[in-house]
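Here is the file entry16.csv (CSV, C-alpha atoms and all ligand atoms).
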```csv
chain,number,residue,atom,x,y,z
A,1,MET,CA,-6.0,25.4,1.0
A,2,ALA,CA,-2.3,25.5,1.9
A,3,GLU,CA,0.3,24.3,-0.6
A,4,LYS,CA,3.5,22.5,0.3
A,5,PRO,CA,6.4,25.1,0.5
A,6,SER,CA,9.0,22.6,-0.6
A,7,ARG,CA,8.1,19.0,-1.5
A,8,THR,CA,10.2,16.1,-0.6
A,9,ARG,CA,10.0,13.0,-2.8
A,10,PRO,CA,6.5,11.6,-2.3
A,11,LEU,CA,6.0,7.9,-1.3
A,12,LEU,CA,3.3,6.0,-3.2
A,13,VAL,CA,2.4,2.6,-1.8
A,14,GLY,CA,0.2,0.2,-3.9
A,15,ASN,CA,-1.9,-2.1,-1.8
A,16,TRP,CA,-3.2,-5.0,-4.0
A,17,LYS,CA,-5.3,-6.5,-1.1
A,18,MET,CA,-6.6,-10.0,-2.1
A,19,ASN,CA,-6.1,-9.5,-5.8
A,20,GLY,CA,-3.6,-10.8,-8.2
A,21,LEU,CA,-2.5,-14.1,-9.8
A,22,ARG,CA,0.8,-15.1,-11.4
A,23,ALA,CA,-0.5,-13.6,-14.7
A,24,SER,CA,-0.5,-10.2,-12.9
A,25,GLU,CA,3.2,-10.1,-13.5
A,26,ALA,CA,2.4,-8.4,-16.8
A,27,GLU,CA,1.0,-5.4,-14.9
A,28,VAL,CA,4.1,-5.1,-12.8
A,29,SER,CA,6.3,-5.3,-15.9
A,30,ALA,CA,4.3,-2.5,-17.5
A,31,LEU,CA,4.5,-0.5,-14.3
A,32,ALA,CA,8.3,-1.0,-14.1
A,33,LYS,CA,8.7,0.1,-17.7
A,34,GLY,CA,6.9,3.4,-16.9
A,35,LEU,CA,9.0,4.2,-13.9
A,36,ASP,CA,12.0,5.8,-15.6
A,37,GLY,CA,12.3,9.4,-14.3
A,38,ALA,CA,9.5,8.9,-11.7
A,39,ARG,CA,9.6,11.6,-9.0
A,40,ALA,CA,8.2,9.4,-6.3
A,41,ASP,CA,9.3,6.3,-4.3
A,42,ILE,CA,7.1,3.4,-5.3
A,43,TRP,CA,6.4,0.5,-2.9
A,44,LEU,CA,4.2,-2.4,-4.0
A,45,CYS,CA,2.3,-4.7,-1.6
A,46,PRO,CA,1.0,-7.7,-3.6
A,47,PRO,CA,-0.6,-10.7,-2.0
A,48,ILE,CA,1.8,-12.9,-0.1
A,49,THR,CA,1.6,-15.7,-2.8
A,50,LEU,CA,3.3,-13.3,-5.3
A,51,LEU,CA,5.6,-11.3,-3.0
A,52,SER,CA,8.7,-13.5,-3.2
A,53,HIS,CA,8.4,-14.2,-6.9
A,54,PHE,CA,8.0,-10.5,-7.8
A,55,ILE,CA,10.9,-9.5,-5.6
A,56,GLY,CA,13.1,-11.9,-7.6
A,57,ALA,CA,11.6,-11.1,-11.0
A,58,PHE,CA,11.9,-7.3,-10.6
A,59,LYS,CA,15.3,-7.1,-9.0
A,60,GLY,CA,17.1,-3.9,-10.0
A,61,LYS,CA,13.8,-2.0,-10.9
A,62,PRO,CA,13.0,1.2,-9.0
A,63,LEU,CA,10.4,-0.6,-6.9
A,64,SER,CA,10.4,-1.7,-3.3
A,65,TRP,CA,8.2,-4.4,-1.8
A,66,GLY,CA,6.0,-4.8,1.1
A,67,ALA,CA,3.4,-7.1,2.7
A,68,GLN,CA,-0.1,-6.4,3.8
A,69,ASP,CA,0.1,-7.9,7.3
A,70,CYS,CA,2.2,-10.1,9.6
A,71,HIS,CA,2.0,-11.9,12.9
A,72,ALA,CA,3.5,-10.3,15.9
A,73,GLN,CA,5.6,-13.4,16.9
A,74,GLU,CA,8.9,-14.3,15.3
A,75,SER,CA,7.9,-18.0,14.8
A,76,GLY,CA,5.8,-20.7,16.4
A,77,ALA,CA,2.6,-22.6,16.3
A,78,HIS,CA,0.4,-20.2,14.4
A,79,THR,CA,-1.1,-22.1,11.5
A,80,GLY,CA,-1.5,-20.0,8.4
A,81,ASP,CA,0.3,-16.9,9.7
A,82,VAL,CA,3.5,-15.3,8.4
A,83,SER,CA,6.0,-13.5,10.6
A,84,ALA,CA,7.8,-10.2,9.9
A,85,GLU,CA,11.1,-12.1,9.9
A,86,MET,CA,9.8,-14.4,7.1
A,87,LEU,CA,8.8,-11.3,5.1
A,88,ALA,CA,12.2,-9.6,5.6
A,89,ASP,CA,13.9,-12.9,4.7
A,90,VAL,CA,12.4,-12.8,1.1
A,91,GLY,CA,13.3,-9.1,0.7
A,92,ALA,CA,10.3,-7.1,1.8
A,93,VAL,CA,11.2,-3.7,3.2
A,94,SER,CA,7.7,-2.7,4.6
A,95,VAL,CA,4.5,-4.2,6.0
A,96,ILE,CA,1.1,-2.5,6.2
A,97,VAL,CA,-0.3,-2.9,9.7
A,98,GLY,CA,-3.8,-2.0,11.0
A,99,HIS,CA,-5.5,-1.6,7.7
A,100,SER,CA,-9.2,-1.0,8.4
A,101,GLU,CA,-10.1,-4.2,6.5
A,102,ARG,CA,-8.0,-6.2,8.9
A,103,ARG,CA,-9.4,-4.3,11.9
A,104,ARG,CA,-12.9,-5.2,10.5
A,105,ASP,CA,-12.4,-8.7,9.2
A,106,HIS,CA,-10.0,-10.0,11.9
A,107,ALA,CA,-11.1,-7.8,14.8
A,108,GLU,CA,-7.6,-6.3,15.1
A,109,THR,CA,-7.4,-3.8,18.0
A,110,ASN,CA,-5.0,-0.9,18.4
A,111,ALA,CA,-3.0,-3.0,20.8
A,112,MET,CA,-2.6,-5.8,18.2
A,113,VAL,CA,-1.5,-3.2,15.6
A,114,ARG,CA,1.1,-1.9,18.0
A,115,SER,CA,2.6,-5.4,18.5
A,116,LYS,CA,2.7,-6.0,14.8
A,117,LEU,CA,4.4,-2.6,14.3
A,118,SER,CA,7.1,-3.7,16.8
A,119,ALA,CA,7.5,-7.0,15.0
A,120,VAL,CA,7.9,-5.2,11.6
A,121,GLN,CA,10.6,-2.9,13.1
A,122,ARG,CA,12.3,-5.8,15.0
A,123,ALA,CA,12.7,-7.4,11.6
A,124,GLY,CA,14.3,-4.2,10.3
A,125,MET,CA,11.4,-3.1,8.0
A,126,VAL,CA,9.2,-0.1,7.8
A,127,ALA,CA,5.7,-0.3,9.3
A,128,ILE,CA,2.9,1.5,7.4
A,129,VAL,CA,0.4,2.1,10.1
A,130,CYS,CA,-3.2,2.8,9.0
A,131,ILE,CA,-5.7,4.8,10.9
A,132,GLY,CA,-9.0,6.3,9.9
A,133,GLU,CA,-12.6,7.1,11.0
A,134,THR,CA,-15.8,5.4,9.9
A,135,LEU,CA,-18.7,7.4,8.4
A,136,GLU,CA,-20.6,7.1,11.6
A,137,GLU,CA,-17.7,8.6,13.6
A,138,ARG,CA,-17.3,11.4,11.0
A,139,GLU,CA,-21.1,12.2,11.2
A,140,ARG,CA,-20.8,12.4,15.0
A,141,GLY,CA,-18.1,15.0,14.5
A,142,ASP,CA,-15.5,12.7,16.2
A,143,VAL,CA,-12.9,12.5,13.5
A,144,LEU,CA,-9.9,14.0,15.4
A,145,PRO,CA,-10.6,12.3,18.8
A,146,VAL,CA,-11.0,8.9,17.0
A,147,LEU,CA,-7.7,9.4,15.1
A,148,GLU,CA,-5.9,10.7,18.3
A,149,LYS,CA,-6.9,7.5,20.1
A,150,GLN,CA,-5.9,5.2,17.3
A,151,LEU,CA,-2.6,7.0,17.0
A,152,ARG,CA,-1.8,7.0,20.7
A,153,GLU,CA,-2.7,3.3,21.1
A,154,SER,CA,-1.3,2.0,17.8
A,155,LEU,CA,2.1,3.6,18.0
A,156,PRO,CA,4.7,2.9,20.7
A,157,GLU,CA,5.8,5.7,23.1
A,158,GLU,CA,9.0,6.2,21.2
A,159,VAL,CA,8.4,6.3,17.5
A,160,ASP,CA,11.3,5.3,15.3
A,161,GLY,CA,10.8,7.9,12.5
A,162,SER,CA,13.0,5.9,10.1
A,163,LYS,CA,10.9,2.8,10.3
A,164,THR,CA,7.4,4.2,10.5
A,165,VAL,CA,5.0,5.6,7.9
A,166,LEU,CA,1.5,6.7,8.9
A,167,ALA,CA,-1.5,6.4,6.5
A,168,TYR,CA,-4.7,8.3,7.1
A,169,GLU,CA,-7.4,6.3,5.4
A,170,PRO,CA,-11.0,7.4,6.1
A,171,VAL,CA,-12.9,4.0,6.1
A,172,TRP,CA,-15.8,5.5,4.2
A,173,ALA,CA,-13.5,6.6,1.4
A,174,ILE,CA,-11.9,3.2,0.8
A,175,GLY,CA,-13.0,1.7,-2.5
A,176,THR,CA,-16.1,4.0,-2.7
A,177,GLY,CA,-14.9,6.7,-5.1
A,178,LYS,CA,-15.6,9.3,-2.3
A,179,VAL,CA,-12.8,11.4,-0.9
A,180,PRO,CA,-12.8,14.1,1.8
A,181,SER,CA,-12.5,17.7,0.7
A,182,GLY,CA,-9.0,19.2,0.4
A,183,ASP,CA,-9.7,21.3,3.5
A,184,GLU,CA,-10.7,18.3,5.5
A,185,ILE,CA,-7.6,16.3,4.5
A,186,VAL,CA,-5.4,19.3,5.3
A,187,GLU,CA,-7.0,19.7,8.7
A,188,VAL,CA,-6.5,16.0,9.5
A,189,HIS,CA,-2.9,15.8,8.2
A,190,GLY,CA,-2.0,19.0,10.0
A,191,PHE,CA,-3.4,17.5,13.2
A,192,LEU,CA,-1.5,14.2,12.7
A,193,ARG,CA,1.7,16.1,11.9
A,194,GLU,CA,1.5,18.1,15.1
A,195,ARG,CA,0.9,14.9,17.1
A,196,LEU,CA,3.9,13.2,15.5
A,197,ASP,CA,6.1,16.2,16.1
A,198,ALA,CA,5.1,16.2,19.8
A,199,CYS,CA,6.3,12.7,20.2
A,200,GLY,CA,9.6,13.3,18.4
A,201,ALA,CA,8.5,11.6,15.2
A,202,ALA,CA,8.8,14.6,12.9
A,203,GLY,CA,10.3,12.5,10.1
A,204,VAL,CA,7.3,10.1,9.7
A,205,PRO,CA,5.7,10.5,6.3
A,206,ILE,CA,1.9,10.9,6.4
A,207,LEU,CA,0.1,9.2,3.4
A,208,TYR,CA,-3.4,9.7,2.4
A,209,GLY,CA,-5.4,6.6,1.3
A,210,GLY,CA,-9.0,6.0,0.2
A,211,SER,CA,-10.1,6.3,-3.5
A,212,LEU,CA,-6.9,8.0,-4.4
A,213,GLY,CA,-6.6,7.6,-8.2
A,214,PRO,CA,-6.0,9.3,-11.6
A,215,SER,CA,-9.0,11.7,-11.2
A,216,ASN,CA,-7.9,13.3,-7.9
A,217,ALA,CA,-4.1,12.6,-7.5
A,218,ASP,CA,-3.0,15.9,-9.0
A,219,TRP,CA,-4.7,18.0,-6.3
A,220,LEU,CA,-4.6,15.5,-3.5
A,221,LEU,CA,-0.9,14.8,-3.6
A,222,ARG,CA,-0.2,18.5,-3.5
A,223,LEU,CA,-2.0,19.2,-0.2
A,224,ASP,CA,-0.1,20.4,2.8
A,225,ASN,CA,1.4,17.6,4.9
A,226,VAL,CA,0.4,14.9,2.4
A,227,ASP,CA,3.6,13.1,1.8
A,228,GLY,CA,2.2,10.5,-0.6
A,229,GLY,CA,-0.5,8.0,-0.9
A,230,LEU,CA,-1.7,4.4,-0.1
A,231,ILE,CA,-3.5,3.3,-3.2
A,232,GLY,CA,-5.7,0.2,-3.6
A,233,THR,CA,-7.9,-0.1,-6.7
A,234,ALA,CA,-5.8,2.3,-8.8
A,235,SER,CA,-2.6,0.4,-8.1
A,236,LEU,CA,-3.9,-2.8,-9.7
A,237,LYS,CA,-3.5,-1.6,-13.2
A,238,ALA,CA,-0.2,-0.2,-14.4
A,239,SER,CA,-1.9,2.4,-16.5
A,240,SER,CA,-3.8,4.0,-13.6
A,241,PHE,CA,-1.0,3.6,-11.1
A,242,LEU,CA,1.3,5.4,-13.6
A,243,GLU,CA,-1.2,8.2,-14.0
A,244,VAL,CA,-1.0,8.7,-10.2
A,245,ILE,CA,2.8,8.6,-10.3
A,246,ARG,CA,2.9,11.1,-13.1
A,247,ALA,CA,0.7,13.5,-11.0
A,248,CYS,CA,3.9,13.8,-8.8
A,249,GLN,CA,5.8,15.0,-11.8
A,250,GLN,CA,3.8,18.1,-12.4
A,251,GLY,CA,4.3,21.4,-10.6
B,1,LIG,P1,-8.7,2.2,-2.5
B,1,LIG,O1,-8.0,1.5,-1.3
B,1,LIG,O2,-7.6,3.0,-3.2
B,1,LIG,O3,-9.3,1.1,-3.4
B,1,LIG,O4,-9.8,3.1,-1.9
B,1,LIG,C1,-7.1,2.1,-0.5
B,1,LIG,C2,-6.7,1.2,0.7
B,1,LIG,O5,-7.6,0.6,1.3
B,1,LIG,O6,-5.5,1.1,1.0
```

Turn the structure described in the file into structure tokens.
Ligand code: PGA
Amino acid sequence: MAEKPSRTRPLLVGNWKMNGLRASEAEVSALAKGLDGARADIWLCPPITLLSHFIGAFKGKPLSWGAQDCHAQESGAHTGDVSAEMLADVGAVSVIVGHSERRRDHAETNAMVRSKLSAVQRAGMVAIVCIGETLEERERGDVLPVLEKQLRESLPEEVDGSKTVLAYEPVWAIGTGKVPSGDEIVEVHGFLRERLDACGAAGVPILYGGSLGPSNADWLLRLDNVDGGLIGTASLKASSFLEVIRACQQG
């Protein structure tokens, strides 16, 4: 398994999904307290109900804020939806687009993900684009072709490297406690890196996501072409998120 020759500062994104109430502010306070000297950039994506409040409450802390989804339009008659401009207006700097749970629960297609990505960038934020294969696709031996298609169809022809982050999240690894082997992750990330380089997007960080937590962060975050992680369950508690963050400190 190859090691990174020289590591840039890793990016760790916490995705709270549909979890968190106002009382969860205590977890963010504990997280913020533990961030002194952290050797990683930390972005947190709480539910939309908490985003604006947290941004105000934790101003000046070494944390950046993101949302978990947005609408592709700037404004209009879309009851219940939130636009990228609204998220930027409250101080978000990033938005996750194309998470497999949105692809599954809301039938989001690659084309929709691509429009949302453009919306996020139009509003001046960074789009964190998620791709990943299902277990069935993996068992068929189709991992790379599936990712290639998702990548090609979800990203625009000209990728803005300063406003794009890619997250490889095998669907079967999300919330299951299962992760691919190091060799499998290195193969996929190497493939994605090559594809990004080929479309002039060499600067796009590639995160790994799916059951990334305290038990595997130390080896996983050291793999070649793994520039950080997208972390669900382990980001909900300050103690486990801080353990993952500390894994970036070693070595
Ligand atoms: P998990 O979720 O860390 O709970 O597996 C990751 C994600 O879905 O972003």

Selection: 9 Å around stretch 56-58 of chain A, only C-alpha atoms, excl. self and same-chain fewer than 3 positions, as a ChimeraX atom specification: /A:25,28-29,32,51-53,61-63,90-91

Expected selection as a ChimeraX atom specification for ligand LIG 1 (chain B) within 8 Å, all atoms listed in the file: /A:14-15,17,99-101,169,171,173-177,209-213,230-235

Which residue of A:Gln73, A:Gln250, A:Ser118, A:Ser240 approaches A:Arg222 most closely, using all atoms listed in the file: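 Checking each of A:Gln73, A:Gln250, A:Ser118, A:Ser240 against A:Arg222, counting all atoms listed in the file, the winner is A:Gln250.
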
Stretch 121-130 of chain A environment, 8 Å, only C-alpha atoms, sequence neighbours closer than 3 positions dropped, as a ChimeraX atom specification: /A:84-85,88,92-100,113,117-118,154,162-169

Pairwise distance for atom CA of A:Gly141 and atom CA of A:Pro180, rounded to one decimal in Å: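 These two atoms are separated by 13.8 Å.
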
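When all atoms listed in the file are used to compute distances to A:Val204, the closest of the residues A:Leu155, A:Ala247, A:Leu135, A:Leu221 turns out to be A:Leu155.
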
For atom CA of A:Cys70 and atom CA of A:Pro145, the interatomic separation in Å (one decimal): 27.4 Å

Atom CA of A:Thr134 to atom CA of A:Val146, distance in Å rounded to a single decimal: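 One can read the atom CA of A:Thr134 to atom CA of A:Val146 distance as 9.3 Å.
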
From A:His78, A:His71, A:His106, A:Arg39, residue lying nearest A:Ala119 [all atoms listed in the file]: A:His71

Distance criterion (only C-alpha atoms): nearest to A:Gly229 out of A:Glu194, A:Glu108, A:Glu187, A:Asp41: A:Asp41
